[in-house]
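What follows is the content of protein09.cif (mmCIF, C-alpha atoms and all ligand atoms).
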```cif
data_model
loop_
_atom_site.label_atom_id
_atom_site.label_comp_id
_atom_site.auth_asym_id
_atom_site.auth_seq_id
_atom_site.Cartn_x
_atom_site.Cartn_y
_atom_site.Cartn_z
CA MET A 1 -18.25 -30.17 -3.51
CA ALA A 2 -19.01 -28.18 -0.37
CA LEU A 3 -15.93 -26.45 0.96
CA PRO A 4 -15.51 -26.38 4.73
CA ALA A 5 -17.52 -23.46 6.10
CA ASP A 6 -14.37 -21.85 7.51
CA PHE A 7 -12.33 -22.23 4.31
CA GLN A 8 -10.47 -18.99 3.56
CA PHE A 9 -9.31 -18.05 0.08
CA SER A 10 -5.96 -16.37 -0.48
CA GLN A 11 -3.93 -15.31 -3.48
CA SER A 12 -1.89 -18.53 -3.20
CA SER A 13 -4.88 -20.86 -3.18
CA LEU A 14 -6.72 -19.09 -5.98
CA GLN A 15 -3.53 -18.88 -8.06
CA ASP A 16 -3.09 -22.61 -7.56
CA TYR A 17 -6.65 -23.19 -8.74
CA VAL A 18 -6.14 -21.09 -11.85
CA ASP A 19 -2.79 -22.74 -12.62
CA CYS A 20 -3.97 -26.27 -11.90
CA PRO A 21 -7.29 -27.19 -10.27
CA ARG A 22 -5.81 -30.53 -9.18
CA ARG A 23 -3.03 -28.77 -7.28
CA PHE A 24 -5.61 -26.67 -5.46
CA TYR A 25 -7.52 -29.83 -4.58
CA LEU A 26 -4.46 -31.74 -3.36
CA ARG A 27 -2.99 -28.87 -1.38
CA TYR A 28 -6.00 -27.15 0.14
CA LEU A 29 -8.79 -29.72 0.22
CA ARG A 30 -6.81 -32.90 0.77
CA GLY A 31 -4.10 -31.08 2.76
CA LEU A 32 -1.36 -33.19 1.16
CA ALA A 33 2.21 -32.05 1.70
CA TRP A 34 3.77 -34.28 -0.97
CA PRO A 35 7.47 -34.58 -0.18
CA ALA A 36 8.93 -34.35 -3.71
CA LEU A 37 11.54 -31.74 -4.49
CA GLN A 38 10.27 -28.65 -6.18
CA ALA A 39 13.48 -28.01 -8.13
CA GLU A 40 17.08 -29.19 -8.44
CA PRO A 41 19.66 -28.65 -7.11
CA ALA A 42 17.71 -29.08 -3.92
CA LEU A 43 20.10 -27.38 -1.52
CA GLU A 44 20.54 -24.35 -3.72
CA HIS A 45 16.80 -23.97 -4.19
CA GLU A 46 16.20 -24.33 -0.48
CA ARG A 47 18.89 -21.73 0.23
CA HIS A 48 17.26 -19.29 -2.17
CA LEU A 49 13.92 -19.73 -0.42
CA GLN A 50 15.51 -19.21 2.99
CA GLN A 51 17.34 -16.11 1.80
CA GLY A 52 14.03 -14.74 0.56
CA VAL A 53 12.48 -15.26 3.99
CA GLN A 54 15.46 -13.59 5.68
CA PHE A 55 15.30 -10.64 3.31
CA HIS A 56 11.63 -10.09 4.12
CA ARG A 57 12.47 -10.18 7.84
CA LEU A 58 15.25 -7.64 7.42
CA VAL A 59 13.05 -5.19 5.55
CA HIS A 60 10.25 -5.70 8.04
CA GLN A 61 12.55 -4.86 10.96
CA HIS A 62 13.90 -1.86 9.08
CA VAL A 63 10.38 -0.54 8.48
CA LEU A 64 9.71 -1.00 12.20
CA GLY A 65 12.66 1.28 12.95
CA VAL A 66 15.64 -1.00 13.64
CA PRO A 67 18.76 0.90 12.44
CA SER A 68 20.17 -0.31 9.12
CA GLU A 69 23.73 -0.59 10.54
CA GLU A 70 22.50 -3.05 13.13
CA LEU A 71 20.63 -5.09 10.54
CA SER A 72 23.57 -5.04 8.12
CA ARG A 73 25.63 -6.97 10.66
CA ALA A 74 23.16 -9.86 10.30
CA THR A 75 23.68 -10.24 6.54
CA ALA A 76 26.64 -12.60 6.34
CA ASP A 77 25.35 -14.41 3.27
CA ALA A 78 26.56 -12.89 -0.04
CA ASN A 79 23.21 -12.98 -1.83
CA LEU A 80 21.33 -11.59 1.13
CA SER A 81 23.93 -8.91 1.63
CA ARG A 82 23.62 -7.82 -2.01
CA TRP A 83 19.81 -7.65 -1.84
CA TRP A 84 20.03 -5.71 1.41
CA GLY A 85 22.50 -3.27 -0.13
CA ASN A 86 20.19 -2.84 -3.12
CA TYR A 87 17.29 -2.12 -0.79
CA LEU A 88 19.24 0.46 1.21
CA GLU A 89 20.59 2.22 -1.87
CA HIS A 90 17.76 1.80 -4.35
CA GLY A 91 14.70 1.01 -2.25
CA PRO A 92 11.30 2.43 -3.19
CA ALA A 93 11.22 6.22 -3.19
CA ASP A 94 8.41 8.74 -2.59
CA LEU A 95 6.40 6.50 -0.31
CA PRO A 96 3.64 7.91 1.89
CA GLU A 97 4.85 8.22 5.47
CA VAL A 98 2.36 6.12 7.42
CA LEU A 99 3.54 2.52 7.12
CA TYR A 100 1.76 -0.73 7.92
CA PRO A 101 4.21 -3.63 7.52
CA GLU A 102 2.77 -7.14 7.23
CA ALA A 103 -0.82 -5.93 7.46
CA VAL A 104 -3.56 -8.52 7.08
CA LEU A 105 -6.90 -7.68 5.49
CA SER A 106 -9.91 -9.89 5.09
CA THR A 107 -13.41 -9.63 3.68
CA PRO A 108 -16.38 -11.94 3.09
CA LEU A 109 -16.73 -12.97 -0.56
CA GLY A 110 -18.84 -15.65 -2.18
CA GLY A 111 -19.83 -17.20 1.15
CA HIS A 112 -16.23 -17.48 2.36
CA ARG A 113 -13.47 -15.13 3.48
CA LEU A 114 -10.82 -13.71 1.22
CA VAL A 115 -7.61 -12.88 3.11
CA ALA A 116 -4.27 -11.34 2.23
CA LYS A 117 -1.09 -10.54 4.08
CA TYR A 118 0.73 -7.55 2.63
CA ASP A 119 4.47 -6.94 2.88
CA LEU A 120 3.87 -3.23 3.36
CA ILE A 121 1.05 -0.72 2.92
CA ALA A 122 2.05 2.96 2.85
CA VAL A 123 -0.75 5.46 3.42
CA ASP A 124 -1.21 9.17 2.80
CA VAL A 125 -4.63 9.48 4.43
CA GLY A 126 -7.35 10.64 2.04
CA ARG A 127 -4.90 10.87 -0.87
CA ARG A 128 -3.15 7.69 -1.90
CA VAL A 129 -2.13 4.23 -0.74
CA VAL A 130 0.81 2.20 -2.04
CA ILE A 131 1.04 -1.56 -1.67
CA LEU A 132 4.67 -2.70 -1.64
CA GLU A 133 5.68 -6.29 -2.35
CA TRP A 134 9.32 -7.37 -2.02
CA LYS A 135 10.36 -10.00 -4.55
CA THR A 136 13.56 -12.00 -4.70
CA TYR A 137 12.88 -13.49 -8.12
CA ARG A 138 15.90 -14.66 -10.07
CA LYS A 139 14.33 -13.38 -13.28
CA ARG A 140 12.33 -10.21 -13.52
CA PRO A 141 8.77 -10.97 -14.64
CA GLY A 142 7.11 -8.80 -17.27
CA ARG A 143 4.45 -6.20 -16.52
CA ARG A 144 1.64 -8.14 -18.15
CA TRP A 145 2.40 -11.30 -16.22
CA LEU A 146 2.44 -9.33 -12.96
CA ALA A 147 -0.80 -7.54 -13.80
CA GLU A 148 -2.58 -10.83 -14.34
CA ARG A 149 -1.35 -12.44 -11.13
CA LEU A 150 -4.00 -13.22 -8.54
CA GLN A 151 -1.77 -11.45 -6.04
CA THR A 152 -2.07 -8.18 -7.96
CA ARG A 153 -5.80 -8.53 -8.48
CA ILE A 154 -6.61 -9.62 -4.93
CA TYR A 155 -4.31 -7.21 -3.10
CA ARG A 156 -5.66 -4.10 -4.82
CA TYR A 157 -9.27 -5.29 -4.68
CA LEU A 158 -9.11 -6.24 -1.02
CA LEU A 159 -7.46 -2.98 -0.04
CA VAL A 160 -10.25 -0.95 -1.65
CA ARG A 161 -12.93 -3.17 -0.18
CA ALA A 162 -11.56 -3.58 3.33
CA GLY A 163 -8.88 -0.91 3.77
CA ALA A 164 -10.92 1.97 5.23
CA CYS A 165 -9.44 1.11 8.64
CA LEU A 166 -6.03 2.20 7.31
CA ASN A 167 -7.48 5.45 5.96
CA GLU A 168 -8.97 6.87 9.18
CA GLY A 169 -12.27 5.15 8.46
CA GLN A 170 -12.79 6.71 5.03
CA PRO A 171 -13.50 4.31 2.16
CA LEU A 172 -10.69 4.14 -0.37
CA GLU A 173 -11.27 5.01 -4.01
CA SER A 174 -9.77 2.53 -6.47
CA GLU A 175 -7.88 5.37 -8.16
CA GLN A 176 -6.07 6.13 -4.88
CA VAL A 177 -4.45 2.67 -4.87
CA GLU A 178 -1.21 1.59 -6.52
CA MET A 179 0.68 -1.67 -6.20
CA VAL A 180 4.46 -1.69 -6.55
CA TYR A 181 6.62 -4.78 -6.97
CA TRP A 182 10.20 -4.10 -5.92
CA PHE A 183 12.78 -6.68 -7.06
CA ALA A 184 15.83 -7.28 -4.90
CA ASN A 185 17.79 -8.48 -7.94
CA PHE A 186 16.61 -5.61 -10.15
CA PRO A 187 16.38 -2.66 -7.76
CA ASP A 188 16.26 -0.03 -10.50
CA HIS A 189 13.30 -1.65 -12.24
CA PRO A 190 10.31 -1.83 -9.90
CA GLU A 191 6.89 -2.27 -11.46
CA GLY A 192 4.03 0.02 -10.48
CA LEU A 193 0.45 -1.03 -11.23
CA ALA A 194 -2.26 1.58 -10.82
CA TYR A 195 -5.91 0.73 -10.15
CA ASP A 196 -9.31 2.06 -11.17
CA ALA A 197 -13.01 1.48 -10.59
CA ALA A 198 -13.50 -0.55 -13.80
CA GLN A 199 -10.74 -2.97 -12.80
CA TYR A 200 -12.19 -3.18 -9.29
CA GLN A 201 -15.56 -4.22 -10.72
CA ALA A 202 -13.89 -6.72 -13.05
CA ASP A 203 -11.90 -8.19 -10.15
CA GLU A 204 -15.03 -8.59 -8.03
CA VAL A 205 -16.83 -10.45 -10.81
CA TYR A 206 -13.78 -12.59 -11.55
CA LEU A 207 -13.03 -13.53 -7.93
CA THR A 208 -16.66 -14.24 -7.06
CA GLY A 209 -16.93 -16.38 -10.19
CA LEU A 210 -13.80 -18.36 -9.32
CA ILE A 211 -15.08 -19.13 -5.82
CA ALA A 212 -18.51 -20.16 -7.18
CA GLU A 213 -16.81 -22.38 -9.77
CA ILE A 214 -14.75 -24.13 -7.09
CA GLU A 215 -17.85 -24.57 -4.93
CA GLY A 216 -19.63 -26.22 -7.85
CA LEU A 217 -16.99 -28.86 -8.54
CA GLU A 218 -17.26 -32.46 -7.45
CA GLU A 219 -14.20 -34.12 -5.94
CA GLU A 220 -13.29 -35.80 -9.22
CA GLY A 221 -13.94 -32.55 -11.08
CA PHE A 222 -10.61 -30.91 -10.29
CA PRO A 223 -8.71 -31.61 -13.51
CA LEU A 224 -4.95 -31.88 -13.97
CA THR A 225 -3.51 -28.92 -15.83
CA GLY A 226 -3.06 -29.30 -19.56
CA ASP A 227 0.16 -27.28 -19.30
CA THR A 228 2.56 -30.06 -18.37
CA GLU A 229 5.46 -27.60 -18.00
CA ARG A 230 3.92 -26.57 -14.71
CA CYS A 231 4.30 -30.13 -13.47
CA GLN A 232 8.10 -30.01 -13.74
CA TYR A 233 8.25 -27.69 -10.74
CA CYS A 234 5.29 -29.10 -8.85
CA ARG A 235 5.70 -31.20 -5.73
CA TYR A 236 2.79 -33.47 -6.71
CA ARG A 237 4.16 -34.60 -10.06
CA SER A 238 4.79 -38.24 -9.08
CA LEU A 239 1.36 -38.44 -7.47
CA CYS A 240 -0.14 -37.16 -10.71
CA ARG A 241 2.15 -39.38 -12.82
CA ARG A 242 3.61 -36.31 -14.45
CA GLY A 243 7.29 -37.24 -13.98
CA ILE A 244 9.65 -38.12 -11.17
CA ARG A 245 12.64 -35.79 -11.35
CA ALA A 246 12.49 -32.12 -10.49
CA ALA A 247 13.58 -29.74 -13.23
CA ASN A 248 16.59 -27.49 -12.80
CA MET A 249 15.92 -24.18 -11.08
CA GLU A 250 18.20 -22.41 -13.57
CA ASP A 251 15.85 -23.37 -16.40
CA ALA A 252 12.76 -22.16 -14.60
CA GLY A 253 10.80 -19.12 -15.58
CA GLU A 254 8.17 -17.53 -13.45
CA GLU A 255 6.52 -20.84 -12.64
CA LEU A 256 9.15 -21.68 -10.03
CA GLU A 257 9.10 -18.26 -8.43
CA LEU A 258 5.44 -18.67 -7.73
CA ASP A 259 5.89 -21.31 -5.12
CA ASP A 260 8.32 -19.05 -3.27
CA GLU A 261 5.17 -17.30 -2.15
CA LEU A 262 4.25 -20.30 -0.08
CA ASP A 263 7.03 -19.50 2.32
CA PHE A 264 5.32 -16.27 3.18
CA SER A 265 1.90 -17.82 3.28
CA LEU A 266 -0.58 -16.67 5.82
CA ASP A 267 -0.72 -17.82 9.33
CA LEU A 268 -4.46 -18.04 9.14
CA GLU A 269 -4.85 -18.40 12.87
CA GLN A 270 -3.69 -14.80 13.20
CA VAL A 271 -6.28 -13.47 10.82
CA ALA A 272 -9.24 -13.55 13.17
CA GLU A 273 -7.35 -11.41 15.67
CA ILE A 274 -6.47 -8.60 13.30
CA GLU A 275 -9.24 -8.88 10.79
CA PHE A 276 -10.60 -5.63 9.41
S1 LIG A 301 1.85 -32.33 -11.05
FE1 LIG A 301 0.87 -31.10 -12.64
S2 LIG A 301 -1.22 -31.87 -12.71
FE2 LIG A 301 -0.37 -32.56 -10.75
S3 LIG A 301 -0.90 -30.99 -9.27
FE3 LIG A 301 1.10 -30.46 -10.05
S4 LIG A 301 0.73 -29.05 -11.73
FE4 LIG A 301 -1.19 -30.11 -11.33
#
```
Since I need it in another form, could you write the structure as structure tokens?
Ligand code: SF4
Amino acid sequence: MALPADFQFSQSSLQDYVDCPRRFYLRYLRGLAWPALQAEPALEHERHLQQGVQFHRLVHQHVLGVPSEELSRATADANLSRWWGNYLEHGPADLPEVLYPEAVLSTPLGGHRLVAKYDLIAVDVGRRVVILEWKTYRKRPGRRWLAERLQTRIYRYLLVRAGACLNEGQPLESEQVEMVYWFANFPDHPEGLAYDAAQYQADEVYLTGLIAEIEGLEEEGFPLTGDTERCQYCRYRSLCRRGIRAANMEDAGEELELDDELDFSLDLEQVAEIEF
């Protein structure tokens, strides 16, 4: 199946493909916004997503220089206020000083573009670069799960491949890059994931292979996942005849947190303007 020539791959779309090829097809090729609930109770889940968006905005403004006292006045909600307090008291330490909040990088790969929007990139020119991702997960994921995420693989890979513009024009070495997940609910337990040239090569082969595989599929060739647990938290479950009711958010593991990413998904129209 030929993808549209301007189709852009992101960590969300490739993660969807890996988790369930049918979900990728429905969401990105058919463009279906199926209206089912993702999780119950609906209001509580929606509130959690909104709080996550607000937390990202607060940190973004803080990184841009808005005083913390001023921002603290905007955190009336108890959950948001706690996350914000955790960030102020136990936020990431020892970061390089040059900060690029919400940077977007993009590169050609496999005949398409691969794009990513980063929460924050901190640069010590010529020495090291730290990718920061803020997470409002209810449960702290394990290191191995994080390391295997498409977000981890794509963000580090893309920074090495397309990040020279953040490093005064010098190409970045893989070994200069680290990715840190900072968890608003677990501020004392961030996860740092270093990078190296072997992993960079492996990521390039893997990502190029995934894109080629998707390109080679016919429309009916996007199978439903065999892992039916994923369907419990998927908006397309009634369309796929994989159940009607949403599962409870309290019972969810990482699979529910994943879709939180969609709320911070790329505004792809912006990418062309700030593409590196
Ligand atoms: S309901 Fe299940 S099979 Fe259908 S798109 Fe979602 S995860 Fe895939």
Report, in Å with one decimal, the straight-line distance from atom CA of Ala122 of chain A to atom CA of Leu105 of chain A. 14.2 Å
Hey, which residues sit close to ligand LIG 301 (chain A)? Say within 8 Å, counting only C-alpha atoms and all ligand atoms, and write them as a ChimeraX atom specification. /A:19-24,26,223-243
For the point (19.4, -8.4, -6.1) in the file's frame, write as a list in words all residues with an atom no more than 6 Å away, counting only C-alpha atoms. Arg82, Trp83, Ala184, Asn185 and Phe186 of chain A
Just checking: using all atoms listed in the file, which residue out of A:Ala202, A:Ile211, A:Leu109, A:Val125 ends up closest to Gly169 of chain A?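 With all atoms listed in the file as the atom set, the closest residue is A:Val125.
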Just how far from atom CA of Asp119 of chain A is atom CA of Ala162 of chain A, in Å to one decimal?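 These two atoms are separated by 16.4 Å.
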Could you tell me how far atom CA of Thr136 of chain A sits from atom CA of Phe183 of chain A, in Å to one decimal place? 5.9 Å
Report as a PyMOL selection string all protein, DNA and RNA residues lying within 8 Å of Val130 of chain A, evaluated on only C-alpha atoms, omitting residues in the same chain fewer than 2 positions from it. chain A and resi 95-96+121-123+128+132+177-180
Please identify all polymer residues within 12 Å of segment 99-102 of chain A, counting only C-alpha atoms, omitting same-chain residues fewer than 2 positions from it, and present them as a ChimeraX atom specification. /A:56-65,95-97,104-105,116-125,129-134,163,165-167,264-267,270-271,274
Go ahead and dump the residues you just picked, C-alpha atoms, as a compact mmCIF listing (two decimals), in the frame of the given file.
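See result37.txt below for the written result:
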```txt
# COMPACT_ATOMS: atom_id res chain seq x y z
CA HIS A 56 11.63 -10.09 4.12
CA ARG A 57 12.47 -10.18 7.84
CA LEU A 58 15.25 -7.64 7.42
CA VAL A 59 13.05 -5.19 5.55
CA HIS A 60 10.25 -5.70 8.04
CA GLN A 61 12.55 -4.86 10.96
CA HIS A 62 13.90 -1.86 9.08
CA VAL A 63 10.38 -0.54 8.48
CA LEU A 64 9.71 -1.00 12.20
CA GLY A 65 12.66 1.28 12.95
CA LEU A 95 6.40 6.50 -0.31
CA PRO A 96 3.64 7.91 1.89
CA GLU A 97 4.85 8.22 5.47
CA VAL A 104 -3.56 -8.52 7.08
CA LEU A 105 -6.90 -7.68 5.49
CA ALA A 116 -4.27 -11.34 2.23
CA LYS A 117 -1.09 -10.54 4.08
CA TYR A 118 0.73 -7.55 2.63
CA ASP A 119 4.47 -6.94 2.88
CA LEU A 120 3.87 -3.23 3.36
CA ILE A 121 1.05 -0.72 2.92
CA ALA A 122 2.05 2.96 2.85
CA VAL A 123 -0.75 5.46 3.42
CA ASP A 124 -1.21 9.17 2.80
CA VAL A 125 -4.63 9.48 4.43
CA VAL A 129 -2.13 4.23 -0.74
CA VAL A 130 0.81 2.20 -2.04
CA ILE A 131 1.04 -1.56 -1.67
CA LEU A 132 4.67 -2.70 -1.64
CA GLU A 133 5.68 -6.29 -2.35
CA TRP A 134 9.32 -7.37 -2.02
CA GLY A 163 -8.88 -0.91 3.77
CA CYS A 165 -9.44 1.11 8.64
CA LEU A 166 -6.03 2.20 7.31
CA ASN A 167 -7.48 5.45 5.96
CA PHE A 264 5.32 -16.27 3.18
CA SER A 265 1.90 -17.82 3.28
CA LEU A 266 -0.58 -16.67 5.82
CA ASP A 267 -0.72 -17.82 9.33
CA GLN A 270 -3.69 -14.80 13.20
CA VAL A 271 -6.28 -13.47 10.82
CA ILE A 274 -6.47 -8.60 13.30
```
Env of Ala2 of chain A: 10 Å cut, atoms = all atoms listed in the file, seq-sep filter 4 positions within chain, self excluded. Answer as a ChimeraX atom specification. /A:214-219
